[in-house]
>>> print(open('start_36.pdb').read())   # PDB, C-alpha atoms
ATOM      1  CA  MET H  52      12.508 -13.459 -10.069
ATOM      2  CA  THR H  53      11.109 -10.311 -11.675
ATOM      3  CA  ILE H  54       8.586  -8.033  -9.985
ATOM      4  CA  LYS H  55       6.630  -6.542 -12.890
ATOM      5  CA  ARG H  56       4.173  -4.255 -11.214
ATOM      6  CA  LEU H  57       2.357  -3.306  -8.044
ATOM      7  CA  ASP H  58      -0.811  -5.252  -8.797
ATOM      8  CA  HIS H  59      -3.001  -3.897  -5.999
ATOM      9  CA  ILE H  60      -3.221  -2.556  -2.468
ATOM     10  CA  ALA H  61      -5.851  -4.146  -0.244
ATOM     11  CA  ILE H  62      -7.621  -2.088   2.408
ATOM     12  CA  VAL H  63      -9.871  -3.804   4.946
ATOM     13  CA  VAL H  64     -13.068  -1.886   5.736
ATOM     14  CA  GLN H  65     -16.057  -2.418   7.990
ATOM     15  CA  ASN H  66     -18.607  -1.635   5.300
ATOM     16  CA  LEU H  67     -17.886  -1.380   1.585
ATOM     17  CA  GLU H  68     -20.698   1.103   0.829
ATOM     18  CA  ALA H  69     -19.492   3.448   3.575
ATOM     19  CA  ALA H  70     -15.886   3.235   2.317
ATOM     20  CA  LEU H  71     -17.036   4.016  -1.236
ATOM     21  CA  GLY H  72     -18.443   7.244   0.202
ATOM     22  CA  PHE H  73     -14.824   8.327   0.544
ATOM     23  CA  TYR H  74     -12.845   6.472  -2.141
ATOM     24  CA  ARG H  75     -15.376   6.810  -4.959
ATOM     25  CA  ASP H  76     -17.464   9.829  -3.989
ATOM     26  CA  ALA H  77     -14.886  12.114  -2.321
ATOM     27  CA  LEU H  78     -11.636  11.046  -4.043
ATOM     28  CA  GLY H  79     -13.448  10.536  -7.340
ATOM     29  CA  MET H  80     -11.980   7.120  -8.113
ATOM     30  CA  ALA H  81     -13.911   4.829 -10.470
ATOM     31  CA  LEU H  82     -15.440   1.653  -9.066
ATOM     32  CA  THR H  83     -15.264  -0.954 -11.825
ATOM     33  CA  HIS H  84     -17.045  -3.758 -10.040
ATOM     34  CA  VAL H  85     -17.903  -5.458  -6.772
ATOM     35  CA  GLU H  86     -17.317  -9.161  -6.279
ATOM     36  CA  THR H  87     -18.131 -11.459  -3.394
ATOM     37  CA  ILE H  88     -15.632 -14.281  -2.973
ATOM     38  CA  PRO H  89     -17.145 -16.701  -0.428
ATOM     39  CA  GLU H  90     -14.019 -18.874  -0.188
ATOM     40  CA  GLN H  91     -12.055 -15.788   0.928
ATOM     41  CA  ASP H  92     -14.894 -14.506   3.146
ATOM     42  CA  VAL H  93     -14.852 -11.069   1.525
ATOM     43  CA  LYS H  94     -16.799  -8.694  -0.640
ATOM     44  CA  ILE H  95     -14.341  -6.651  -2.737
ATOM     45  CA  GLY H  96     -14.725  -3.297  -4.466
ATOM     46  CA  PHE H  97     -12.174  -2.719  -7.259
ATOM     47  CA  LEU H  98     -10.916   0.822  -7.990
ATOM     48  CA  PRO H  99      -8.213   1.085 -10.689
ATOM     49  CA  CYS H 100      -5.449   3.613 -10.134
ATOM     50  CA  GLY H 101      -2.901   4.048 -12.958
ATOM     51  CA  ASP H 102      -1.572   0.561 -13.765
ATOM     52  CA  SER H 103      -2.399  -0.558 -10.223
ATOM     53  CA  GLU H 104      -5.623  -0.885  -8.221
ATOM     54  CA  LEU H 105      -7.107  -0.295  -4.803
ATOM     55  CA  GLU H 106      -9.183  -3.156  -3.449
ATOM     56  CA  LEU H 107     -11.579  -2.454  -0.594
ATOM     57  CA  LEU H 108     -12.229  -5.669   1.345
ATOM     58  CA  GLU H 109     -15.305  -6.046   3.523
ATOM     59  CA  PRO H 110     -15.242  -9.281   5.558
ATOM     60  CA  ILE H 111     -18.506 -11.200   5.190
ATOM     61  CA  ASN H 112     -17.772 -13.546   8.089
ATOM     62  CA  PRO H 113     -16.499 -12.233  11.434
ATOM     63  CA  ASP H 114     -14.910 -15.622  12.236
ATOM     64  CA  SER H 115     -12.681 -15.646   9.139
ATOM     65  CA  GLY H 116      -9.035 -14.565   9.173
ATOM     66  CA  ILE H 117      -9.879 -11.221   7.597
ATOM     67  CA  GLY H 118     -12.872 -10.759   9.913
ATOM     68  CA  ARG H 119     -10.705 -11.311  12.979
ATOM     69  CA  TYR H 120      -8.043  -8.981  11.542
ATOM     70  CA  LEU H 121     -10.652  -6.211  11.253
ATOM     71  CA  ALA H 122     -11.936  -6.829  14.785
ATOM     72  CA  LYS H 123      -8.404  -6.732  16.219
ATOM     73  CA  ARG H 124      -6.666  -4.049  14.149
ATOM     74  CA  GLY H 125      -9.494  -1.955  12.771
ATOM     75  CA  GLU H 126      -9.849  -0.591   9.259
ATOM     76  CA  GLY H 127      -6.733   0.181   7.216
ATOM     77  CA  LEU H 128      -4.037  -1.144   4.924
ATOM     78  CA  HIS H 129      -4.073  -4.949   4.843
ATOM     79  CA  HIS H 130      -1.663  -6.203   2.173
ATOM     80  CA  ILE H 131       0.052  -5.331  -1.089
ATOM     81  CA  CYS H 132       0.189  -7.564  -4.138
ATOM     82  CA  LEU H 133       3.151  -7.695  -6.515
ATOM     83  CA  GLU H 134       2.874  -9.187  -9.973
ATOM     84  CA  VAL H 135       5.630 -11.652 -10.909
ATOM     85  CA  ASP H 136       6.342 -13.287 -14.240
ATOM     86  CA  ASP H 137       6.780 -16.805 -12.841
ATOM     87  CA  ILE H 138       5.325 -17.590  -9.423
ATOM     88  CA  GLU H 139       6.926 -21.057  -9.109
ATOM     89  CA  GLN H 140      10.336 -19.538  -9.730
ATOM     90  CA  ALA H 141       9.612 -16.658  -7.327
ATOM     91  CA  LEU H 142       8.695 -19.042  -4.510
ATOM     92  CA  ALA H 143      11.756 -21.218  -5.202
ATOM     93  CA  ASP H 144      13.997 -18.097  -5.114
ATOM     94  CA  LEU H 145      12.476 -16.893  -1.865
ATOM     95  CA  LYS H 146      12.776 -20.335  -0.272
ATOM     96  CA  SER H 147      16.436 -20.549  -1.247
ATOM     97  CA  LYS H 148      16.923 -17.205   0.551
ATOM     98  CA  ASP H 149      15.094 -18.456   3.658
ATOM     99  CA  ALA H 150      12.241 -15.949   3.301
ATOM    100  CA  ALA H 151       9.243 -17.021   5.409
ATOM    101  CA  LEU H 152       6.281 -18.066   3.238
ATOM    102  CA  ILE H 153       2.635 -18.538   4.137
ATOM    103  CA  ASP H 154       1.991 -20.476   0.915
ATOM    104  CA  GLU H 155       4.775 -22.851  -0.114
ATOM    105  CA  THR H 156       2.973 -23.531  -3.379
ATOM    106  CA  PRO H 157       0.697 -21.246  -5.412
ATOM    107  CA  ARG H 158      -3.050 -21.394  -5.031
ATOM    108  CA  ARG H 159      -5.814 -20.230  -7.314
ATOM    109  CA  GLY H 160      -6.840 -16.580  -6.943
ATOM    110  CA  ALA H 161      -9.392 -14.441  -8.776
ATOM    111  CA  HIS H 162      -6.923 -13.374 -11.495
ATOM    112  CA  GLY H 163      -4.321 -16.135 -11.625
ATOM    113  CA  ARG H 164      -2.122 -18.087  -9.253
ATOM    114  CA  VAL H 165      -1.220 -16.390  -5.972
ATOM    115  CA  ALA H 166       0.909 -16.976  -2.865
ATOM    116  CA  PHE H 167       1.306 -15.015   0.352
ATOM    117  CA  LEU H 168       4.654 -14.314   2.019
ATOM    118  CA  HIS H 169       4.835 -14.004   5.789
ATOM    119  CA  PRO H 170       4.937 -10.438   7.203
ATOM    120  CA  LYS H 171       8.014 -11.394   9.213
ATOM    121  CA  ALA H 172       9.876 -11.916   5.914
ATOM    122  CA  ALA H 173       8.856  -8.510   4.584
ATOM    123  CA  HIS H 174       9.457  -6.280   7.622
ATOM    124  CA  GLY H 175       5.870  -6.214   8.801
ATOM    125  CA  VAL H 176       4.156  -6.151   5.399
ATOM    126  CA  LEU H 177       1.826  -8.915   4.237
ATOM    127  CA  ILE H 178       2.804  -9.456   0.581
ATOM    128  CA  GLU H 179       0.835 -11.400  -2.005
ATOM    129  CA  LEU H 180       2.481 -12.479  -5.240
ATOM    130  CA  VAL H 181       0.361 -13.049  -8.328
ATOM    131  CA  GLU H 182       1.130 -14.580 -11.688
ATOM    132  CA  ARG H 183      -1.719 -13.346 -13.840
ATOM    133  CA  ARG H 184      -3.323 -15.630 -16.390
TER
ATOM    134  CA  MET S 783     -10.370  15.974  -8.768
ATOM    135  CA  THR S 784      -8.560  13.312 -10.781
ATOM    136  CA  ILE S 785      -6.399  10.603  -9.212
ATOM    137  CA  LYS S 786      -3.813   9.855 -11.904
ATOM    138  CA  ARG S 787      -1.705   7.156 -10.368
ATOM    139  CA  LEU S 788      -0.626   5.349  -7.232
ATOM    140  CA  ASP S 789       2.582   7.331  -6.724
ATOM    141  CA  HIS S 790       4.132   5.227  -3.968
ATOM    142  CA  ILE S 791       3.605   3.031  -0.944
ATOM    143  CA  ALA S 792       5.627   3.902   2.141
ATOM    144  CA  ILE S 793       6.826   1.168   4.488
ATOM    145  CA  VAL S 794       8.405   2.095   7.832
ATOM    146  CA  VAL S 795      11.397  -0.063   8.785
ATOM    147  CA  GLN S 796      13.806  -0.223  11.690
ATOM    148  CA  ASN S 797      16.887  -0.348   9.525
ATOM    149  CA  LEU S 798      17.027   0.384   5.799
ATOM    150  CA  GLU S 799      20.007  -1.884   5.076
ATOM    151  CA  ALA S 800      18.304  -4.832   6.779
ATOM    152  CA  ALA S 801      15.065  -4.192   4.858
ATOM    153  CA  LEU S 802      16.999  -4.064   1.573
ATOM    154  CA  GLY S 803      18.152  -7.589   2.393
ATOM    155  CA  PHE S 804      14.578  -8.595   1.641
ATOM    156  CA  TYR S 805      13.179  -6.069  -0.842
ATOM    157  CA  ARG S 806      16.282  -5.732  -3.020
ATOM    158  CA  ASP S 807      18.187  -8.965  -2.433
ATOM    159  CA  ALA S 808      15.387 -11.525  -2.015
ATOM    160  CA  LEU S 809      12.562  -9.952  -4.076
ATOM    161  CA  GLY S 810      15.038  -8.675  -6.651
ATOM    162  CA  MET S 811      13.681  -5.125  -6.824
ATOM    163  CA  ALA S 812      16.009  -2.363  -8.012
ATOM    164  CA  LEU S 813      17.102   0.298  -5.520
ATOM    165  CA  THR S 814      17.463   3.526  -7.483
ATOM    166  CA  HIS S 815      18.724   5.745  -4.685
ATOM    167  CA  VAL S 816      18.784   6.495  -0.982
ATOM    168  CA  GLU S 817      17.999   9.957   0.311
ATOM    169  CA  THR S 818      18.097  11.407   3.805
ATOM    170  CA  ILE S 819      15.473  14.103   4.375
ATOM    171  CA  PRO S 820      16.309  15.743   7.716
ATOM    172  CA  GLU S 821      13.143  17.869   7.838
ATOM    173  CA  GLN S 822      11.073  14.657   7.623
ATOM    174  CA  ASP S 823      13.379  12.747  10.016
ATOM    175  CA  VAL S 824      13.801   9.851   7.591
ATOM    176  CA  LYS S 825      16.241   8.054   5.382
ATOM    177  CA  ILE S 826      14.378   6.702   2.328
ATOM    178  CA  GLY S 827      15.232   3.897  -0.077
ATOM    179  CA  PHE S 828      13.383   4.149  -3.420
ATOM    180  CA  LEU S 829      12.424   0.957  -5.303
ATOM    181  CA  PRO S 830      10.403   1.490  -8.509
ATOM    182  CA  CYS S 831       7.658  -1.013  -9.258
ATOM    183  CA  GLY S 832       5.824  -0.640 -12.577
ATOM    184  CA  ASP S 833       4.621   2.974 -12.741
ATOM    185  CA  SER S 834       4.583   3.119  -8.936
ATOM    186  CA  GLU S 835       7.270   2.810  -6.270
ATOM    187  CA  LEU S 836       7.971   1.328  -2.857
ATOM    188  CA  GLU S 837       9.619   3.672  -0.379
ATOM    189  CA  LEU S 838      11.342   2.180   2.645
ATOM    190  CA  LEU S 839      11.436   4.761   5.450
ATOM    191  CA  GLU S 840      13.944   4.471   8.274
ATOM    192  CA  PRO S 841      13.348   7.067  11.018
ATOM    193  CA  ILE S 842      16.565   8.909  11.892
ATOM    194  CA  ASN S 843      15.128  10.455  15.053
ATOM    195  CA  PRO S 844      13.187   8.336  17.574
ATOM    196  CA  ASP S 845      11.357  11.438  18.863
ATOM    197  CA  SER S 846       9.877  12.354  15.461
ATOM    198  CA  GLY S 847       6.346  11.427  14.404
ATOM    199  CA  ILE S 848       7.606   8.576  12.250
ATOM    200  CA  GLY S 849      10.040   7.428  14.976
ATOM    201  CA  ARG S 850       7.222   7.223  17.504
ATOM    202  CA  TYR S 851       5.024   5.431  14.958
ATOM    203  CA  LEU S 852       7.698   2.751  14.549
ATOM    204  CA  ALA S 853       8.164   2.410  18.320
ATOM    205  CA  LYS S 854       4.406   2.043  18.858
ATOM    206  CA  ARG S 855       3.236   0.056  15.823
ATOM    207  CA  GLY S 856       6.361  -1.702  14.615
ATOM    208  CA  GLU S 857       7.527  -2.113  11.035
ATOM    209  CA  GLY S 858       4.977  -2.244   8.231
ATOM    210  CA  LEU S 859       2.795  -0.285   5.819
ATOM    211  CA  HIS S 860       2.740   3.411   6.744
ATOM    212  CA  HIS S 861       0.945   5.384   4.026
ATOM    213  CA  ILE S 862       0.023   5.440   0.343
ATOM    214  CA  CYS S 863       0.512   8.390  -1.963
ATOM    215  CA  LEU S 864      -1.849   9.210  -4.835
ATOM    216  CA  GLU S 865      -0.859  11.546  -7.640
ATOM    217  CA  VAL S 866      -3.420  14.253  -8.490
ATOM    218  CA  ASP S 867      -3.412  16.719 -11.357
ATOM    219  CA  ASP S 868      -4.251  19.769  -9.222
ATOM    220  CA  ILE S 869      -3.624  19.598  -5.479
ATOM    221  CA  GLU S 870      -5.355  22.911  -4.643
ATOM    222  CA  GLN S 871      -8.491  21.695  -6.385
ATOM    223  CA  ALA S 872      -8.226  18.282  -4.718
ATOM    224  CA  LEU S 873      -8.035  19.820  -1.235
ATOM    225  CA  ALA S 874     -10.922  22.172  -2.008
ATOM    226  CA  ASP S 875     -13.028  19.226  -3.246
ATOM    227  CA  LEU S 876     -12.229  17.160  -0.159
ATOM    228  CA  LYS S 877     -12.985  20.074   2.189
ATOM    229  CA  SER S 878     -16.346  20.645   0.501
ATOM    230  CA  LYS S 879     -17.112  16.972   1.202
ATOM    231  CA  ASP S 880     -16.065  17.310   4.870
ATOM    232  CA  ALA S 881     -13.130  14.887   4.511
ATOM    233  CA  ALA S 882     -10.698  15.302   7.439
ATOM    234  CA  LEU S 883      -7.369  16.779   6.322
ATOM    235  CA  ILE S 884      -4.018  16.907   8.108
ATOM    236  CA  ASP S 885      -2.741  19.593   5.729
ATOM    237  CA  GLU S 886      -5.293  22.249   4.768
ATOM    238  CA  THR S 887      -2.827  23.697   2.254
ATOM    239  CA  PRO S 888      -0.098  21.933   0.250
ATOM    240  CA  ARG S 889       3.486  21.872   1.487
ATOM    241  CA  ARG S 890       6.710  21.258  -0.366
ATOM    242  CA  GLY S 891       7.715  17.582  -0.726
ATOM    243  CA  ALA S 892      10.679  15.923  -2.430
ATOM    244  CA  HIS S 893       8.899  15.669  -5.814
ATOM    245  CA  GLY S 894       6.328  18.453  -5.794
ATOM    246  CA  ARG S 895       3.606  19.790  -3.534
ATOM    247  CA  VAL S 896       2.029  17.331  -1.101
ATOM    248  CA  ALA S 897      -0.750  17.154   1.492
ATOM    249  CA  PHE S 898      -1.791  14.440   3.923
ATOM    250  CA  LEU S 899      -5.397  13.427   4.564
ATOM    251  CA  HIS S 900      -6.392  12.152   7.987
ATOM    252  CA  PRO S 901      -6.710   8.353   8.367
ATOM    253  CA  LYS S 902     -10.186   8.837   9.837
ATOM    254  CA  ALA S 903     -11.280  10.256   6.441
ATOM    255  CA  ALA S 904      -9.890   7.291   4.536
ATOM    256  CA  HIS S 905     -11.089   4.377   6.678
ATOM    257  CA  GLY S 906      -7.849   3.899   8.589
ATOM    258  CA  VAL S 907      -5.425   4.659   5.732
ATOM    259  CA  LEU S 908      -2.985   7.565   5.883
ATOM    260  CA  ILE S 909      -3.138   9.062   2.365
ATOM    261  CA  GLU S 910      -0.710  11.560   0.886
ATOM    262  CA  LEU S 911      -1.634  13.483  -2.246
ATOM    263  CA  VAL S 912       1.106  14.775  -4.536
ATOM    264  CA  GLU S 913       1.061  17.136  -7.472
ATOM    265  CA  ARG S 914       4.355  16.426  -9.199
ATOM    266  CA  ARG S 915       6.408  19.244 -10.666
TER
END
>>> encode(input="start_36.pdb", output="structure tokens")
Amino acid sequence: MTIKRLDHIAIVVQNLEAALGFYRDALGMALTHVETIPEQDVKIGFLPCGDSELELLEPINPDSGIGRYLAKRGEGLHHICLEVDDIEQALADLKSKDAALIDETPRRGAHGRVAFLHPKAAHGVLIELVERR
Amino acid sequence: MTIKRLDHIAIVVQNLEAALGFYRDALGMALTHVETIPEQDVKIGFLPCGDSELELLEPINPDSGIGRYLAKRGEGLHHICLEVDDIEQALADLKSKDAALIDETPRRGAHGRVAFLHPKAAHGVLIELVERR
């Protein structure tokens, strides 16, 4: 398995517009676009940063996983996403090393196929893998 | 102020060797070096990732800020570091926008001058700025 890049860091926020008041207006980062992804219950603001990206996630449904996470833990870092060259191979490698997976097989994400690893595998960090199209 | 790059993501872990069992041995990331920084009370493992880096932080003193963080919150994402071109200018910009700072003036870090912003400024995220030498 080869990790190519830190694809993005996801930050969960209460209100995307309010968070842009800091990340865009105070830090001066560019906001390329905002996308609502109903099947993930989030509205996302994308802010590129070098060859990586910050994603600000505003839950649009308080009863979703991400909505409950916000209610329980508050705003802050949610997950990191690593780009791999071959996601099937990555998941097979991790399985053979007994790493705990949330997704045993890849599912379709906004930019390619993705899979989440369990935070207990990664010492408390929720990690998403992506194989970009 | 210009954010040039996501410099690194810092992950606090109980034991660096154990964490390398996942990040190096299962994910296949390269460990370039390990450094103990007594004045920051941490042992750090550096794992480059594209033009960014993961840093695994093991507290070496349970009574330090980072040691207490681990005891209270457990392992996981700790902070992100953004590279700026001019840290004096960045802090002046942020102050003029009433962003809460931990460090009002830069201090010396391992790779240049650094300053931490308060998580309440950045919607729950502890952000370090670095101006690399």
>>> closest_atom_pairs(input="start_36.pdb", of="chain S", to="chain H", cutoff="7 Å", atoms="all atoms listed in the file", output="tab-separated table")
residue	atom	partner	partner_atom	distance
S:Met783	CA	H:Gly79	CA	6.4
S:Thr784	CA	H:Gly79	CA	6.6
S:Ile785	CA	H:Met80	CA	6.7
S:Lys786	CA	H:Gly101	CA	6.0
S:Arg787	CA	H:Gly101	CA	4.2
S:Leu788	CA	H:Cys100	CA	5.9
S:Val795	CA	H:His174	CA	6.6
S:Ala801	CA	H:His174	CA	6.6
S:Phe804	CA	H:Ala173	CA	6.4
S:Ala808	CA	H:Leu145	CA	6.1
S:Leu809	CA	H:Met52	CA	6.9
S:Gly810	CA	H:Met52	CA	6.4
S:Met811	CA	H:Ile54	CA	6.7
S:Cys831	CA	H:Arg56	CA	5.1
S:Gly832	CA	H:Arg56	CA	4.2
S:Asp833	CA	H:Asp102	CA	6.7
S:Ser834	CA	H:Leu57	CA	6.9
S:Glu857	CA	H:Gly175	CA	5.0
S:Gly858	CA	H:Gly175	CA	4.1
S:Leu859	CA	H:Val176	CA	6.0
S:Leu876	CA	H:Ala77	CA	6.1
S:Lys879	CA	H:Ala77	CA	6.4
S:Ala904	CA	H:Phe73	CA	6.4
S:His905	CA	H:Glu126	CA	5.7
S:Gly906	CA	H:Gly127	CA	4.1
S:Val907	CA	H:Gly127	CA	4.9
>>> atom_distance(input="start_36.pdb", atom1="CA of Gly849 in chain S", atom2="CA of Leu829 in chain S")
21.4 Å
>>> closest_residue(input="start_36.pdb", among="S:Leu899, S:Leu852, S:Leu911, S:Leu798", to="His815 in chain S", atoms="only C-alpha atoms")
S:Leu798
>>> atom_distance(input="start_36.pdb", atom1="CA of Arg914 in chain S", atom2="CA of Pro888 in chain S")
11.8 Å
>>> resolve_selection(input="start_36.pdb", expression="the PyMOL selection byres ((chain S and resi 892) around 10)", output="NGL selection string")
:S and (817 or 819 or 890-891 or 893-896 or 912 or 914-915)
>>> atom_distance(input="start_36.pdb", atom1="CA of Asp885 in chain S", atom2="CA of Ala897 in chain S")
5.3 Å
>>> residues_near_point(input="start_36.pdb", point="(-11.3, -5.3, -4.0)", cutoff="6 Å", atoms="all atoms listed in the file", output="list in words")
Ile95, Gly96, Phe97, Glu106, Leu107 and Leu108 of chain H
>>> resolve_selection(input="start_36.pdb", expression="the PyMOL selection byres ((chain H and resi 112) around 12)", output="list in words")
Gln65, Thr87, Ile88, Pro89, Glu90, Gln91, Asp92, Val93, Lys94, Leu108, Glu109, Pro110, Ile111, Pro113, Asp114, Ser115, Gly116, Ile117, Gly118, Arg119, Tyr120, Leu121 and Ala122 of chain H
>>> decode(input="start_36.pdb", residues="range 866-875 of chain S", atoms="all heavy atoms", output="PDB file, in the first residue's frame")
ATOM      1  N   VAL S 866       3.062  29.823   7.137  1.00  0.00           N
ATOM      2  CA  VAL S 866       2.806  31.181   6.638  1.00  0.00           C
ATOM      3  C   VAL S 866       4.121  31.762   6.129  1.00  0.00           C
ATOM      4  O   VAL S 866       5.203  31.309   6.492  1.00  0.00           O
ATOM      5  CB  VAL S 866       2.226  32.093   7.746  1.00  0.00           C
ATOM      6  CG1 VAL S 866       0.841  31.625   8.160  1.00  0.00           C
ATOM      7  CG2 VAL S 866       3.149  32.158   8.964  1.00  0.00           C
ATOM      8  N   ASP S 867       3.996  32.786   5.289  1.00  0.00           N
ATOM      9  CA  ASP S 867       5.215  33.406   4.756  1.00  0.00           C
ATOM     10  C   ASP S 867       5.842  34.360   5.765  1.00  0.00           C
ATOM     11  O   ASP S 867       7.066  34.496   5.813  1.00  0.00           O
ATOM     12  CB  ASP S 867       4.938  34.100   3.406  1.00  0.00           C
ATOM     13  CG  ASP S 867       3.737  35.046   3.472  1.00  0.00           C
ATOM     14  OD1 ASP S 867       3.012  35.032   4.494  1.00  0.00           O
ATOM     15  OD2 ASP S 867       3.526  35.799   2.512  1.00  0.00           O
ATOM     16  N   ASP S 868       5.008  35.010   6.580  1.00  0.00           N
ATOM     17  CA  ASP S 868       5.498  36.044   7.498  1.00  0.00           C
ATOM     18  C   ASP S 868       4.696  35.939   8.791  1.00  0.00           C
ATOM     19  O   ASP S 868       3.544  36.376   8.858  1.00  0.00           O
ATOM     20  CB  ASP S 868       5.321  37.415   6.834  1.00  0.00           C
ATOM     21  CG  ASP S 868       5.802  38.562   7.700  1.00  0.00           C
ATOM     22  OD1 ASP S 868       5.912  38.403   8.943  1.00  0.00           O
ATOM     23  OD2 ASP S 868       6.065  39.634   7.140  1.00  0.00           O
ATOM     24  N   ILE S 869       5.291  35.386   9.826  1.00  0.00           N
ATOM     25  CA  ILE S 869       4.517  35.095  11.044  1.00  0.00           C
ATOM     26  C   ILE S 869       4.185  36.364  11.821  1.00  0.00           C
ATOM     27  O   ILE S 869       3.116  36.450  12.440  1.00  0.00           O
ATOM     28  CB  ILE S 869       5.218  34.020  11.915  1.00  0.00           C
ATOM     29  CG1 ILE S 869       4.218  33.416  12.914  1.00  0.00           C
ATOM     30  CG2 ILE S 869       6.462  34.568  12.612  1.00  0.00           C
ATOM     31  CD1 ILE S 869       4.662  32.123  13.540  1.00  0.00           C
ATOM     32  N   GLU S 870       5.053  37.367  11.792  1.00  0.00           N
ATOM     33  CA  GLU S 870       4.748  38.641  12.474  1.00  0.00           C
ATOM     34  C   GLU S 870       3.498  39.261  11.851  1.00  0.00           C
ATOM     35  O   GLU S 870       2.588  39.710  12.545  1.00  0.00           O
ATOM     36  CB  GLU S 870       5.905  39.649  12.310  1.00  0.00           C
ATOM     37  CG  GLU S 870       7.262  39.191  12.772  1.00  0.00           C
ATOM     38  CD  GLU S 870       7.430  39.279  14.277  1.00  0.00           C
ATOM     39  OE1 GLU S 870       6.474  39.714  14.943  1.00  0.00           O
ATOM     40  OE2 GLU S 870       8.508  38.893  14.776  1.00  0.00           O
ATOM     41  N   GLN S 871       3.474  39.282  10.532  1.00  0.00           N
ATOM     42  CA  GLN S 871       2.354  39.858   9.802  1.00  0.00           C
ATOM     43  C   GLN S 871       1.076  39.057  10.072  1.00  0.00           C
ATOM     44  O   GLN S 871      -0.002  39.626  10.262  1.00  0.00           O
ATOM     45  CB  GLN S 871       2.671  39.850   8.295  1.00  0.00           C
ATOM     46  CG  GLN S 871       1.654  40.540   7.431  1.00  0.00           C
ATOM     47  CD  GLN S 871       1.451  41.996   7.841  1.00  0.00           C
ATOM     48  OE1 GLN S 871       2.402  42.749   7.945  1.00  0.00           O
ATOM     49  NE2 GLN S 871       0.210  42.382   8.117  1.00  0.00           N
ATOM     50  N   ALA S 872       1.222  37.729  10.097  1.00  0.00           N
ATOM     51  CA  ALA S 872       0.061  36.866  10.338  1.00  0.00           C
ATOM     52  C   ALA S 872      -0.543  37.159  11.712  1.00  0.00           C
ATOM     53  O   ALA S 872      -1.767  37.313  11.845  1.00  0.00           O
ATOM     54  CB  ALA S 872       0.468  35.392  10.239  1.00  0.00           C
ATOM     55  N   LEU S 873       0.310  37.274  12.738  1.00  0.00           N
ATOM     56  CA  LEU S 873      -0.208  37.539  14.081  1.00  0.00           C
ATOM     57  C   LEU S 873      -0.833  38.937  14.168  1.00  0.00           C
ATOM     58  O   LEU S 873      -1.867  39.115  14.822  1.00  0.00           O
ATOM     59  CB  LEU S 873       0.904  37.362  15.122  1.00  0.00           C
ATOM     60  CG  LEU S 873       1.379  35.905  15.306  1.00  0.00           C
ATOM     61  CD1 LEU S 873       2.580  35.854  16.248  1.00  0.00           C
ATOM     62  CD2 LEU S 873       0.263  35.013  15.832  1.00  0.00           C
ATOM     63  N   ALA S 874      -0.229  39.890  13.483  1.00  0.00           N
ATOM     64  CA  ALA S 874      -0.792  41.247  13.472  1.00  0.00           C
ATOM     65  C   ALA S 874      -2.166  41.250  12.790  1.00  0.00           C
ATOM     66  O   ALA S 874      -3.123  41.854  13.298  1.00  0.00           O
ATOM     67  CB  ALA S 874       0.158  42.211  12.766  1.00  0.00           C
ATOM     68  N   ASP S 875      -2.265  40.541  11.666  1.00  0.00           N
ATOM     69  CA  ASP S 875      -3.552  40.428  10.950  1.00  0.00           C
ATOM     70  C   ASP S 875      -4.623  39.811  11.849  1.00  0.00           C
ATOM     71  O   ASP S 875      -5.751  40.295  11.927  1.00  0.00           O
ATOM     72  CB  ASP S 875      -3.421  39.486   9.735  1.00  0.00           C
ATOM     73  CG  ASP S 875      -2.831  40.169   8.521  1.00  0.00           C
ATOM     74  OD1 ASP S 875      -2.451  41.352   8.624  1.00  0.00           O
ATOM     75  OD2 ASP S 875      -2.746  39.505   7.476  1.00  0.00           O
TER      76      ASP S 875
END
